[in-house]
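The next block holds one structure in the form of structure tokens; read it before the comments.
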Amino acid sequence: MSAIGAVSCSCLHPGVWLLKPGMQKMSSLGLHTAARCAAKDCYEVLVLGGGAGGIAMSARMKRKVGAGNVAVVEPSKTHYYQPLWTLVGGGAKPLAASARPMGSVMPKGVEWIRSQVTALDPDNNCVWLGNGIKVSYKYLIIALGISLHYEKIKGLPEGFNHPKIGSNYSAQTVEKTWKALQDFKEGNAIFTFPNTPVKCAGAPQKIMYLADAYFRKTGKRSKANIMFNTSLGVIFAVKKYADALLEIIKERNLTVNYKRNLIEVRADKQEAVFENLDKPGVTEVHQYEMLHVTPPMGPPAVLINSPVSDESGWVDVNKETLQHKRYPNVFGIGDCTNLPTSKTAAAVAAQSGVLDKTISLVMKNELPVKKYDGYTSCPLVTGYNKVILAEFDYSAQPLETFPIDQSKERTTMYHMKADMMPLLYWNALLK
């Protein structure tokens with residue numbers, strides 16, 4: 001972006017934001033007392049991240065403050081609809097169906113700053129970019145997503161150069177999952193869940209159910225020992241859906257090993273090493289014919305030890321309003337936040353409506369009133385034409401849309417996941 005200069009971050013008087021975190025009276029914050037932003041070096045609304053949350057909120061903010069007053073900082077050239085990658089890894093959809101050029105999803109009239117954020121300075125209402133440039137804002141929306149850390153598993157990511165190993169969590173490795181499925185002959189098919197927060201916590205086991213279905217379809221199931229090694233102590237956080245999944249696991253003769261965390265992959269020997277989280281120092285080595293890796297994940301590096309983050313590095317927001325707990329003109333959405341709910345695209349969709357209302361009131365110096373209840377959705381793919389549609393809130397209680405028992409496998413829900421949701425994503429949520 002050519003016209004951004006290294007300017008003073010003075011869209012708002014910095015002293016305004018040195019209030020105690022507990023102070024709630026919005027009308028005293030003086031949100032609109034500062035001088036107007038100069039063109040191109042300061043924005044009414046600055047959005048960090050061009051994923052689902054960032055694009056959705058930039059579209060909403062453009063309608064609120066006008067074209068030219070909103071910018072999105074995002075270095076990637078491609079925008080992915082990542083929920084489709086479960087089906088890509090299972091051979092049911094092509095990778096290309098999940099991808100669009102970033103420029104095509106960026107709302108018209110919103111400035112796309114093709115750079116990386118290197119530092120946040122909320123006390124002075126500005127951020128620093130990778131090229132040493134400073135951009136200031138009146139309101140900041142942080143939508144930076146979550147970072148994958150394959151390198152925290154010994155032997156990765158270089159292990160992906162070997163066959164028989166894939167991961168549905170990266171555009172570079174998702175097609176390797178499908179190749180590993182096709183090449184499977186006999187032995188252990190192992191699926192992992194790491195000892196960290198993850199996005200779409202159902203996805204690590206969805207590909208296991210698709211593998212089971214594929215092996216049955218191709219006559220290989222009798223030669224396959226399918227294992228789900230999870231660091232968790234339960235199969236799913238919501239009991240209603242967990243009970244249904246455990247029935248499926250039993251019926252299909254799948255093996256679940258709890259409190260097992262993948263720490264090393266010896267791809268040349270086709271060995272996966274797991275630590276037993278209940279017995280520190282105790283490890284197990286499993287030979288594999290196919291391995292699906294869900295990587296450890298964490299907050300983006302720029303957020304670790306940032307003024308906007310909690311001690312773990314996640315953006316520290318009010319769980320009901322999505323407003324930052326210390327900086328009233330800063331907001332967070334999606335995977336990068338410390339909201340105590342699952343990190344999914346459906347959660348982002350629900351959050352975007354609440355955040356829109358929150359920012360509208362903050363801009364008027366009023367208190368936010370709309371509350372996010374933690375709604376999230378996880379379409380649990382259990383076969384090539386079956387889905388259990390899990391929907392729930394902060395308290396892990398079902399919060400279902402349809403007047404049916406959503407813990408049952410249904411073909412209609414599969415078509416909603418595979419065909420309708422991508423359309424809604426591209427044509428509704430992002431716009």
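Chain lettering (A, B, ...) mirrors the order of the structure tokens, residue numbering begins at 1 for each chain separately, and ligand numbering begins at 1 in order of display.
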Residues near region 313-315 of chain A, anyone? I mean within 7 Å using only C-alpha atoms, not counting same-chain ones fewer than 3 positions away, as a PDB file with N, CA and C atoms, in the first residue's frame.
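Produced file part36.pdb, reproduced below:
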```pdb
ATOM      1  N   PRO A 299      -1.508 -19.172  19.858  1.00  0.00           N
ATOM      2  CA  PRO A 299      -1.767 -17.828  19.345  1.00  0.00           C
ATOM      3  C   PRO A 299      -0.670 -17.395  18.383  1.00  0.00           C
ATOM      4  N   LEU A 303       1.040 -11.906  18.967  1.00  0.00           N
ATOM      5  CA  LEU A 303       0.174 -11.690  20.131  1.00  0.00           C
ATOM      6  C   LEU A 303       0.828 -12.137  21.441  1.00  0.00           C
ATOM      7  N   ILE A 304       1.859 -12.973  21.347  1.00  0.00           N
ATOM      8  CA  ILE A 304       2.496 -13.470  22.568  1.00  0.00           C
ATOM      9  C   ILE A 304       3.241 -12.319  23.242  1.00  0.00           C
ATOM     10  N   ASN A 305       2.954 -12.105  24.509  1.00  0.00           N
ATOM     11  CA  ASN A 305       3.512 -10.983  25.293  1.00  0.00           C
ATOM     12  C   ASN A 305       3.086  -9.612  24.764  1.00  0.00           C
ATOM     13  N   VAL A 308      -2.285  -6.600  24.318  1.00  0.00           N
ATOM     14  CA  VAL A 308      -3.708  -6.948  24.142  1.00  0.00           C
ATOM     15  C   VAL A 308      -4.019  -8.381  24.555  1.00  0.00           C
ATOM     16  N   SER A 309      -2.982  -9.141  24.952  1.00  0.00           N
ATOM     17  CA  SER A 309      -3.171 -10.577  25.170  1.00  0.00           C
ATOM     18  C   SER A 309      -3.163 -10.948  26.644  1.00  0.00           C
ATOM     19  N   ASP A 310      -3.774 -12.092  26.941  1.00  0.00           N
ATOM     20  CA  ASP A 310      -3.703 -12.637  28.295  1.00  0.00           C
ATOM     21  C   ASP A 310      -2.366 -13.354  28.460  1.00  0.00           C
ATOM     22  N   GLY A 332     -11.898  -8.285  19.611  1.00  0.00           N
ATOM     23  CA  GLY A 332     -11.338  -9.520  19.075  1.00  0.00           C
ATOM     24  C   GLY A 332     -12.443 -10.438  18.587  1.00  0.00           C
ATOM     25  N   CYS A 336      -8.219 -16.317  17.562  1.00  0.00           N
ATOM     26  CA  CYS A 336      -7.131 -15.671  18.297  1.00  0.00           C
ATOM     27  C   CYS A 336      -7.555 -15.187  19.680  1.00  0.00           C
ATOM     28  N   THR A 337      -8.825 -15.288  20.011  1.00  0.00           N
ATOM     29  CA  THR A 337      -9.317 -14.766  21.284  1.00  0.00           C
ATOM     30  C   THR A 337      -9.297 -15.832  22.379  1.00  0.00           C
ATOM     31  N   ASN A 338      -9.484 -15.377  23.620  1.00  0.00           N
ATOM     32  CA  ASN A 338      -9.572 -16.320  24.737  1.00  0.00           C
ATOM     33  C   ASN A 338     -11.019 -16.643  25.101  1.00  0.00           C
TER      34      ASN A 338
END
```
Would you pick out the contacts of Val110 (chain A) at 9 Å or less, using only C-alpha atoms, so that residues sharing its chain but fewer than 6 positions from it are not included, and give the list as a count of residues only? 10
Return as a ChimeraX atom specification the full set of residues in region 202-297 of chain A whose backbone-based DSSP assignment is helix (DSSP H, G or I). /A:203-217,221-223,239-251
Please provide as an NGL selection string all residues within 12 Å of Pro307 (chain A), with the sequence filter that same-chain residues fewer than 3 positions apart are discarded (counting only C-alpha atoms). :A and (119-125 or 127 or 302-304 or 310-316 or 324-327 or 330)
In Å, with one decimal, what is the gap from CA of Ile113 (chain A) to CA of Gly51 (chain A)? 13.8 Å
Enter the distance from CA of Thr382 (chain A) to CA of Ile248 (chain A), in Å, rounded to one decimal.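 Distance between the two atoms: 8.3 Å.
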Under the rule that only C-alpha atoms are counted, which of A:Ala347, A:Val198, A:Cys42, A:Leu423 is the nearest residue to Ala97 (chain A)?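 Residue with the minimum atom-to-atom distance to Ala97 (chain A): A:Leu423.
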Please provide as a PyMOL selection string all residues within 8 Å of Gly90 (chain A), with the sequence filter that same-chain residues fewer than 2 positions apart are discarded (counting only C-alpha atoms). chain A and resi 86-88+92-93+177-178+181+207+210-211
Those selected residues, please, written with N, CA and C atoms and delivered as an mmCIF file, in the first residue's frame.
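Wrote it out as again_0.cif, contents follow:
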```cif
data_model
loop_
_atom_site.group_PDB
_atom_site.id
_atom_site.type_symbol
_atom_site.label_atom_id
_atom_site.label_comp_id
_atom_site.auth_asym_id
_atom_site.auth_seq_id
_atom_site.Cartn_x
_atom_site.Cartn_y
_atom_site.Cartn_z
ATOM 1 N N THR A 86 -11.680 -31.257 5.669
ATOM 2 C CA THR A 86 -12.007 -32.625 6.095
ATOM 3 C C THR A 86 -12.408 -33.463 4.885
ATOM 4 N N LEU A 87 -13.241 -32.877 4.021
ATOM 5 C CA LEU A 87 -13.725 -33.598 2.845
ATOM 6 C C LEU A 87 -12.652 -33.704 1.762
ATOM 7 N N VAL A 88 -11.748 -32.722 1.705
ATOM 8 C CA VAL A 88 -10.617 -32.804 0.774
ATOM 9 C C VAL A 88 -9.708 -33.968 1.187
ATOM 10 N N ALA A 92 -13.440 -36.385 -0.958
ATOM 11 C CA ALA A 92 -14.808 -36.066 -1.392
ATOM 12 C C ALA A 92 -14.916 -34.699 -2.076
ATOM 13 N N LYS A 93 -13.912 -33.851 -1.910
ATOM 14 C CA LYS A 93 -13.901 -32.529 -2.536
ATOM 15 C C LYS A 93 -12.486 -32.205 -2.988
ATOM 16 N N THR A 177 -3.161 -36.507 2.922
ATOM 17 C CA THR A 177 -4.055 -37.393 3.674
ATOM 18 C C THR A 177 -4.805 -38.317 2.720
ATOM 19 N N TRP A 178 -5.364 -37.762 1.677
ATOM 20 C CA TRP A 178 -6.103 -38.546 0.681
ATOM 21 C C TRP A 178 -5.195 -39.563 0.002
ATOM 22 N N LEU A 181 -4.622 -42.414 2.353
ATOM 23 C CA LEU A 181 -5.816 -43.267 2.393
ATOM 24 C C LEU A 181 -5.834 -44.218 1.195
ATOM 25 N N ILE A 207 -11.911 -37.264 10.139
ATOM 26 C CA ILE A 207 -11.166 -37.966 9.091
ATOM 27 C C ILE A 207 -11.023 -39.449 9.433
ATOM 28 N N LEU A 210 -14.166 -41.034 8.105
ATOM 29 C CA LEU A 210 -14.096 -41.128 6.640
ATOM 30 C C LEU A 210 -13.133 -42.242 6.213
ATOM 31 N N ALA A 211 -12.039 -42.394 6.945
ATOM 32 C CA ALA A 211 -11.095 -43.480 6.634
ATOM 33 C C ALA A 211 -11.776 -44.832 6.795
#
```
In Å, how far is it from CA of Pro300 (chain A) to CA of Leu148 (chain A)?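 Between CA of Pro300 (chain A) and CA of Leu148 (chain A) the gap is 8.8 Å.
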Smallest atom-to-atom distance to Leu291 (chain A): which of A:Leu380, A:Leu389, A:Ile249, A:Ala180, using only C-alpha atoms?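 Selected residue with least distance to Leu291 (chain A): A:Ala180.
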Can you list, as a CSV table (one decimal) with N, CA and C atoms, in the first residue's frame, every residue of region 153-277 of chain A that DSSP puts in strand (DSSP E or B)?
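Generated output (states-v7.csv):
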```
chain,number,residue,atom,x,y,z
A,154,LYS,N,8.7,-33.6,17.0
A,154,LYS,CA,10.0,-34.0,16.5
A,154,LYS,C,9.8,-34.8,15.2
A,165,ILE,N,1.7,-40.2,5.4
A,165,ILE,CA,1.4,-39.2,6.4
A,165,ILE,C,0.8,-38.0,5.8
A,166,GLY,N,-0.2,-37.5,6.5
A,166,GLY,CA,-0.9,-36.3,6.0
A,166,GLY,C,-1.5,-35.5,7.2
A,187,GLY,N,-2.5,-52.6,8.2
A,187,GLY,CA,-1.8,-52.2,9.4
A,187,GLY,C,-2.6,-51.1,10.2
A,188,ASN,N,-1.8,-50.3,10.9
A,188,ASN,CA,-2.4,-49.2,11.8
A,188,ASN,C,-2.7,-47.9,11.0
A,189,ALA,N,-3.9,-47.5,11.1
A,189,ALA,CA,-4.2,-46.1,10.6
A,189,ALA,C,-4.5,-45.3,11.9
A,190,ILE,N,-3.6,-44.3,12.1
A,190,ILE,CA,-3.6,-43.6,13.4
A,190,ILE,C,-3.9,-42.1,13.2
A,191,PHE,N,-4.8,-41.6,14.0
A,191,PHE,CA,-5.3,-40.2,14.0
A,191,PHE,C,-5.1,-39.6,15.3
A,192,THR,N,-4.5,-38.3,15.3
A,192,THR,CA,-4.1,-37.7,16.5
A,192,THR,C,-4.8,-36.5,16.9
A,193,PHE,N,-4.8,-36.1,18.2
A,193,PHE,CA,-5.3,-34.9,18.7
A,193,PHE,C,-4.3,-34.3,19.7
A,199,LYS,N,-8.3,-25.5,16.4
A,199,LYS,CA,-9.5,-25.0,15.7
A,199,LYS,C,-10.3,-26.3,15.2
A,224,ALA,N,-7.3,-53.2,8.5
A,224,ALA,CA,-7.0,-51.9,9.1
A,224,ALA,C,-7.3,-51.9,10.6
A,225,ASN,N,-6.3,-51.5,11.4
A,225,ASN,CA,-6.6,-51.2,12.8
A,225,ASN,C,-6.6,-49.7,13.0
A,226,ILE,N,-7.8,-49.2,13.2
A,226,ILE,CA,-8.0,-47.7,13.2
A,226,ILE,C,-7.9,-47.3,14.6
A,227,MET,N,-7.0,-46.3,14.9
A,227,MET,CA,-6.7,-45.8,16.2
A,227,MET,C,-6.9,-44.3,16.3
A,228,PHE,N,-7.6,-43.8,17.3
A,228,PHE,CA,-7.6,-42.4,17.6
A,228,PHE,C,-6.9,-42.1,18.9
A,229,ASN,N,-5.7,-41.5,18.8
A,229,ASN,CA,-4.9,-41.2,20.0
A,229,ASN,C,-5.1,-39.7,20.3
A,230,THR,N,-5.8,-39.5,21.4
A,230,THR,CA,-6.2,-38.1,21.8
A,230,THR,C,-5.6,-37.7,23.1
A,255,THR,N,-10.6,-47.9,17.7
A,255,THR,CA,-9.9,-47.9,19.0
A,255,THR,C,-9.6,-46.5,19.4
A,256,VAL,N,-10.0,-46.1,20.6
A,256,VAL,CA,-9.7,-44.7,21.2
A,256,VAL,C,-8.7,-44.9,22.4
A,257,ASN,N,-7.6,-44.2,22.3
A,257,ASN,CA,-6.6,-44.2,23.4
A,257,ASN,C,-6.6,-42.7,23.9
A,260,ARG,N,-3.2,-39.5,25.2
A,260,ARG,CA,-2.0,-39.8,24.4
A,260,ARG,C,-1.7,-38.6,23.5
A,261,ASN,N,-0.4,-38.1,23.6
A,261,ASN,CA,0.0,-36.9,22.9
A,261,ASN,C,1.2,-37.2,22.0
A,262,LEU,N,1.0,-37.0,20.7
A,262,LEU,CA,2.0,-37.2,19.7
A,262,LEU,C,3.2,-36.3,19.9
A,263,ILE,N,4.4,-36.9,20.1
A,263,ILE,CA,5.6,-36.0,20.4
A,263,ILE,C,6.7,-36.2,19.3
A,264,GLU,N,6.6,-37.3,18.5
A,264,GLU,CA,7.6,-37.5,17.5
A,264,GLU,C,7.1,-38.4,16.4
A,265,VAL,N,7.5,-38.1,15.2
A,265,VAL,CA,7.2,-38.9,14.0
A,265,VAL,C,8.5,-39.3,13.4
A,266,ARG,N,8.7,-40.7,13.2
A,266,ARG,CA,9.9,-41.2,12.5
A,266,ARG,C,9.4,-41.7,11.2
A,271,GLU,N,7.0,-44.7,12.2
A,271,GLU,CA,6.7,-44.9,13.6
A,271,GLU,C,6.2,-43.6,14.2
A,272,ALA,N,5.2,-43.6,15.1
A,272,ALA,CA,4.7,-42.5,15.8
A,272,ALA,C,4.9,-42.7,17.3
A,273,VAL,N,5.5,-41.7,17.9
A,273,VAL,CA,5.8,-41.8,19.4
A,273,VAL,C,4.9,-40.9,20.1
A,274,PHE,N,4.2,-41.5,21.1
A,274,PHE,CA,3.2,-40.8,22.0
A,274,PHE,C,3.7,-40.8,23.4
A,275,GLU,N,3.4,-39.6,24.1
A,275,GLU,CA,3.6,-39.6,25.5
A,275,GLU,C,2.3,-39.9,26.2
A,276,ASN,N,2.4,-40.6,27.3
A,276,ASN,CA,1.2,-40.9,28.1
A,276,ASN,C,1.0,-39.8,29.2
```
Can you tell me, as a VMD selection string, what residues are no more than 8 Å from Leu339 (chain A) when counting only C-alpha atoms, ignoring any on the same chain fewer than 6 positions away? chain A and resid 317 to 319 374
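Residues in contact range of Met297 (chain A), defined as at most 7 Å between only C-alpha atoms, with sequence neighbours fewer than 2 positions away removed, read Ile146, Ser147, Leu148, His149, Thr196, Pro197, Val198 and Pro295 of chain A.
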Residue neighbourhood Pro75 (chain A), 10 Å, only C-alpha atoms, exclusion window fewer than 2 positions, as a list in words: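 Counting only the stated atoms, we get Gly49, Gly50, Val72, Val73, Lys77, Thr78, Met102, Trp112, Ile113, Arg114, Ser115, Gln116, Val117 and Gly130 of chain A.
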Same residues, all heavy atoms, output as a short mmCIF file (atom, residue, chain, number, x, y, z; two decimals), in the first residue's frame:
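Final output, result.cif:
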```cif
data_model
loop_
_atom_site.label_atom_id
_atom_site.label_comp_id
_atom_site.auth_asym_id
_atom_site.auth_seq_id
_atom_site.Cartn_x
_atom_site.Cartn_y
_atom_site.Cartn_z
N GLY A 49 -6.07 -9.29 10.00
CA GLY A 49 -6.39 -10.65 9.59
C GLY A 49 -7.46 -10.71 8.52
O GLY A 49 -8.50 -10.06 8.63
N GLY A 50 -7.19 -11.50 7.48
CA GLY A 50 -8.13 -11.63 6.36
C GLY A 50 -8.80 -12.99 6.30
O GLY A 50 -9.13 -13.48 5.22
N VAL A 72 -7.85 -3.72 5.98
CA VAL A 72 -7.54 -5.06 6.47
C VAL A 72 -6.06 -5.34 6.23
O VAL A 72 -5.57 -5.18 5.11
CB VAL A 72 -8.38 -6.14 5.74
CG1 VAL A 72 -7.98 -7.54 6.20
CG2 VAL A 72 -9.86 -5.91 5.97
N VAL A 73 -5.35 -5.73 7.28
CA VAL A 73 -3.94 -6.11 7.15
C VAL A 73 -3.88 -7.63 7.01
O VAL A 73 -4.27 -8.36 7.91
CB VAL A 73 -3.13 -5.66 8.38
CG1 VAL A 73 -1.66 -6.07 8.21
CG2 VAL A 73 -3.24 -4.15 8.58
N LYS A 77 -2.16 -14.33 -0.14
CA LYS A 77 -2.78 -14.09 -1.44
C LYS A 77 -4.06 -14.89 -1.62
O LYS A 77 -4.89 -14.58 -2.48
CB LYS A 77 -1.81 -14.47 -2.57
CG LYS A 77 -0.56 -13.62 -2.64
CD LYS A 77 0.36 -14.14 -3.73
CE LYS A 77 1.65 -13.31 -3.80
NZ LYS A 77 2.58 -13.86 -4.82
N THR A 78 -4.21 -15.96 -0.82
CA THR A 78 -5.35 -16.87 -0.98
C THR A 78 -6.17 -16.95 0.30
O THR A 78 -5.61 -16.99 1.40
CB THR A 78 -4.85 -18.29 -1.34
OG1 THR A 78 -3.99 -18.20 -2.48
CG2 THR A 78 -6.02 -19.22 -1.67
N MET A 102 -7.52 -13.79 -2.40
CA MET A 102 -7.86 -12.88 -1.31
C MET A 102 -8.55 -11.61 -1.82
O MET A 102 -9.50 -11.12 -1.22
CB MET A 102 -6.60 -12.51 -0.52
CG MET A 102 -6.86 -11.72 0.75
SD MET A 102 -7.80 -12.62 2.01
CE MET A 102 -6.58 -13.83 2.54
N TRP A 112 -6.91 -3.06 1.28
CA TRP A 112 -6.18 -4.28 1.62
C TRP A 112 -4.71 -3.93 1.77
O TRP A 112 -4.05 -3.59 0.80
CB TRP A 112 -6.39 -5.33 0.53
CG TRP A 112 -5.61 -6.61 0.74
CD1 TRP A 112 -5.02 -7.06 1.90
CD2 TRP A 112 -5.34 -7.60 -0.26
NE1 TRP A 112 -4.40 -8.27 1.69
CE2 TRP A 112 -4.58 -8.63 0.38
CE3 TRP A 112 -5.67 -7.74 -1.60
CZ2 TRP A 112 -4.14 -9.76 -0.31
CZ3 TRP A 112 -5.22 -8.87 -2.28
CH2 TRP A 112 -4.47 -9.87 -1.64
N ILE A 113 -4.19 -3.99 2.99
CA ILE A 113 -2.78 -3.73 3.26
C ILE A 113 -2.07 -5.09 3.25
O ILE A 113 -2.22 -5.88 4.18
CB ILE A 113 -2.59 -3.02 4.61
CG1 ILE A 113 -3.37 -1.70 4.64
CG2 ILE A 113 -1.10 -2.77 4.87
CD1 ILE A 113 -3.34 -1.00 5.98
N ARG A 114 -1.32 -5.34 2.19
CA ARG A 114 -0.70 -6.66 2.01
C ARG A 114 0.62 -6.73 2.77
O ARG A 114 1.70 -6.66 2.18
CB ARG A 114 -0.49 -6.93 0.52
CG ARG A 114 -1.79 -6.88 -0.26
CD ARG A 114 -1.57 -7.18 -1.72
NE ARG A 114 -2.67 -6.70 -2.52
CZ ARG A 114 -2.86 -6.97 -3.79
NH1 ARG A 114 -1.99 -7.75 -4.44
NH2 ARG A 114 -3.89 -6.50 -4.45
N SER A 115 0.50 -6.87 4.06
CA SER A 115 1.67 -6.90 4.91
C SER A 115 1.35 -7.71 6.16
O SER A 115 0.22 -8.14 6.36
CB SER A 115 2.08 -5.47 5.29
OG SER A 115 3.29 -5.47 6.02
N GLN A 116 2.36 -7.91 6.98
CA GLN A 116 2.20 -8.65 8.21
C GLN A 116 2.29 -7.70 9.39
O GLN A 116 3.08 -6.75 9.38
CB GLN A 116 3.30 -9.70 8.32
CG GLN A 116 3.01 -10.77 9.35
CD GLN A 116 3.61 -12.11 8.94
OE1 GLN A 116 4.27 -12.22 7.92
NE2 GLN A 116 3.38 -13.12 9.74
N VAL A 117 1.50 -7.93 10.42
CA VAL A 117 1.57 -7.14 11.64
C VAL A 117 2.75 -7.66 12.46
O VAL A 117 2.86 -8.87 12.70
CB VAL A 117 0.29 -7.28 12.48
CG1 VAL A 117 0.35 -6.36 13.69
CG2 VAL A 117 -0.93 -6.96 11.65
N GLY A 130 5.30 -5.26 8.83
CA GLY A 130 6.56 -5.92 8.53
C GLY A 130 7.57 -5.05 7.82
O GLY A 130 8.76 -5.29 7.90
#
```
